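Scroll down for the structure; my scribbles are underneath it.
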Amino acid sequence: MTDTTPIPLDAETRVAERPADHKAELRLWLRLFTCKTLIEGEVRRRLRDTFDVTFPRFDLLAQLDRTPNGMTLGELSGRMMVSNGNVTGLVERLTAQGLIDRRPSPTDRRVQIVRLTAEGRRFFRAMARANGDWIAEAFADLTPADIDTLMRLLGKAKASARKAIGRGGGK
């Protein structure tokens, strides 16, 4: 007697053998992307309306707030995942506003070290407090248990995505 019970397919095999079976994964991706887009759009709008700041400027200031001794333009570019040219333009505008300063590295005069000024730190921290309030407002209808569950599940999703990337993304 032979067993005719189908063997359940693992996720990688499902992707390769049954590409039409990914409706749930695609819906999940679209839901995550929609949530990210909605919240980011509102944060961008509020940063602009409340502080007259763009999201990239806020991000650059946030990176510098985490590194009191400053960073090179290349480090900033890497952390923000944007080109050196984009960072240079942001740095020039924020320097003109007095929110950051730029100095040559003591070890290599060709390298610029960028850091927040005292005014820049005060300004960023006011924005960060407001941003925290906006994010709390966006998730106000979730209970602490909901948030814990989402964090656990998103942690699993992140690990799964990293694992897929490590496999070459299904190549």
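By order of appearance in the structure tokens: chains A, B, ..., then residues from 1 within every chain, and ligands from 1 in the order shown.
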Name the residues in contact with A:Arg125 at a cut-off of 12 Å, using only C-alpha atoms, excluding same-chain residues fewer than 3 positions from it; report them as number ranges by chain. A: 51, 58, 61-62, 64-66, 99, 116, 118-122, 128-132
With N, CA, C and O atoms kept, could you save the residues just selected as a compact mmCIF listing (two decimals), in the first residue's frame?
# COMPACT_ATOMS: atom_id res chain seq x y z
N PHE A 51 7.29 72.24 10.73
CA PHE A 51 8.69 72.64 10.92
C PHE A 51 9.35 73.17 9.64
O PHE A 51 10.53 73.54 9.68
N PHE A 58 15.08 65.76 7.84
CA PHE A 58 14.80 65.17 9.15
C PHE A 58 15.65 63.92 9.35
O PHE A 58 16.25 63.72 10.41
N LEU A 61 19.31 64.82 10.00
CA LEU A 61 19.46 65.33 11.38
C LEU A 61 19.35 64.19 12.39
O LEU A 61 20.08 64.17 13.39
N ALA A 62 18.47 63.22 12.13
CA ALA A 62 18.32 62.07 13.02
C ALA A 62 19.61 61.25 13.07
O ALA A 62 20.04 60.80 14.14
N LEU A 64 22.62 62.33 12.55
CA LEU A 64 23.63 63.10 13.28
C LEU A 64 23.33 63.16 14.78
O LEU A 64 24.25 63.21 15.59
N ASP A 65 22.06 63.15 15.15
CA ASP A 65 21.70 63.16 16.57
C ASP A 65 22.23 61.91 17.27
O ASP A 65 22.54 61.96 18.46
N ARG A 66 22.32 60.81 16.55
CA ARG A 66 22.79 59.53 17.12
C ARG A 66 24.31 59.48 17.24
O ARG A 66 24.85 58.56 17.85
N LEU A 99 22.02 74.65 11.33
CA LEU A 99 21.62 73.44 12.08
C LEU A 99 22.74 72.42 12.18
O LEU A 99 22.75 71.60 13.10
N LEU A 116 25.77 68.07 14.33
CA LEU A 116 24.72 69.02 14.70
C LEU A 116 25.32 70.18 15.50
O LEU A 116 26.20 69.97 16.33
N ALA A 118 24.38 73.19 18.36
CA ALA A 118 23.47 73.19 19.52
C ALA A 118 22.06 73.53 19.07
O ALA A 118 21.08 72.90 19.50
N GLU A 119 21.93 74.50 18.18
CA GLU A 119 20.61 74.88 17.66
C GLU A 119 20.00 73.71 16.87
O GLU A 119 18.81 73.43 16.98
N GLY A 120 20.84 73.03 16.08
CA GLY A 120 20.37 71.89 15.31
C GLY A 120 19.86 70.76 16.20
O GLY A 120 18.85 70.12 15.91
N ARG A 121 20.58 70.53 17.30
CA ARG A 121 20.16 69.47 18.23
C ARG A 121 18.82 69.84 18.88
O ARG A 121 17.92 69.00 18.97
N ARG A 122 18.64 71.07 19.31
CA ARG A 122 17.36 71.51 19.90
C ARG A 122 16.22 71.37 18.88
O ARG A 122 15.15 70.87 19.19
N ALA A 128 11.64 65.44 16.73
CA ALA A 128 11.57 64.03 17.11
C ALA A 128 10.44 63.79 18.10
O ALA A 128 9.72 62.78 18.01
N ARG A 129 10.26 64.71 19.06
CA ARG A 129 9.15 64.58 20.01
C ARG A 129 7.81 64.63 19.29
O ARG A 129 6.92 63.82 19.52
N ALA A 130 7.67 65.59 18.37
CA ALA A 130 6.43 65.70 17.60
C ALA A 130 6.22 64.45 16.75
O ALA A 130 5.11 63.91 16.69
N ASN A 131 7.28 63.97 16.11
CA ASN A 131 7.19 62.77 15.29
C ASN A 131 6.73 61.58 16.13
O ASN A 131 5.88 60.79 15.69
N GLY A 132 7.26 61.44 17.32
CA GLY A 132 6.83 60.35 18.21
C GLY A 132 5.35 60.45 18.52
O GLY A 132 4.64 59.43 18.53
Determine which residues of stretch 98-156 of chain A receive a DSSP assignment of alpha helix (DSSP H), computed from the backbone, and state them as a PyMOL selection string. chain A and resi 118-138+144-156
Can you check which parts of stretch 50-149 of chain A lie within 12 Å of stretch 29-37 of chain A? Per residue, the shortest pair of atoms and distance in Å to one decimal, counting only C-alpha atoms, sorted by chain and number, as a tab-separated table.
residue	atom	partner	partner_atom	distance
A:Ile135	CA	A:Lys36	CA	11.3
A:Ala138	CA	A:Cys35	CA	9.9
A:Phe139	CA	A:Cys35	CA	10.7
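Minimum distance to A:Arg46 across A:Ile165, A:Leu150, A:Gly155, A:Met127 (counting only C-alpha atoms) occurs at A:Met127.
Our summary of the geometry notes that atom CA of A:Thr149 is positioned 27.1 Å from atom CA of A:Arg44.
By chain and then residue number, the residues within 6 Å of stretch 71-87 of chain A are Gln112, Ile113 and Val114 of chain A, counting only C-alpha atoms and disregarding those fewer than 5 positions away in sequence.
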Pull all heavy atoms from the residues just selected and write them as a compact mmCIF listing (two decimals), in the first residue's frame.
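And here is the file that came out, selection07.txt:
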# COMPACT_ATOMS: atom_id res chain seq x y z
N GLN A 112 35.28 65.58 5.10
CA GLN A 112 34.51 66.51 5.92
C GLN A 112 33.78 65.74 7.03
O GLN A 112 33.17 64.70 6.76
CB GLN A 112 33.46 67.23 5.05
CG GLN A 112 34.05 68.10 3.97
CD GLN A 112 34.60 69.39 4.54
OE1 GLN A 112 33.92 70.09 5.28
NE2 GLN A 112 35.84 69.71 4.20
N ILE A 113 33.82 66.27 8.25
CA ILE A 113 33.05 65.73 9.37
C ILE A 113 31.87 66.67 9.59
O ILE A 113 32.05 67.89 9.69
CB ILE A 113 33.90 65.65 10.67
CG1 ILE A 113 35.16 64.82 10.45
CG2 ILE A 113 33.05 65.11 11.82
CD1 ILE A 113 34.93 63.36 10.25
N VAL A 114 30.69 66.09 9.66
CA VAL A 114 29.46 66.87 9.82
C VAL A 114 28.86 66.53 11.17
O VAL A 114 28.82 65.36 11.56
CB VAL A 114 28.46 66.52 8.69
CG1 VAL A 114 27.21 67.35 8.80
CG2 VAL A 114 29.10 66.70 7.34
What does the distance from atom CA of A:Arg162 to atom CA of A:Ala140 come to in Å, to one decimal? 29.4 Å
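Distance-wise, atom CA of A:Leu28 and atom CA of A:Ala157 end up 10.2 Å apart.
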Can you list every residue in stretch 8-167 of chain A that DSSP puts in strand (DSSP E or B), as a list in words? Met71, Thr72, Ile100, Asp101, Arg102, Arg103, Pro104, Gln112, Ile113, Val114, Arg115 and Leu116 of chain A
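Here the question is which of A:Pro56, A:Gly41, A:Phe124, A:Leu142 gets nearest to A:Val91 using only C-alpha atoms, and that residue is A:Pro56.
Distance annotation: of A:Ile100, A:Leu94, A:Val43, A:Leu38, the residue with the minimal separation from A:Pro68 is A:Ile100; atom set is only C-alpha atoms.
The smallest atom-to-atom distance between A:Phe123 and any of A:Glu42, A:Asp52, A:Asp108, A:Asp148, using only C-alpha atoms, is found for A:Asp52.
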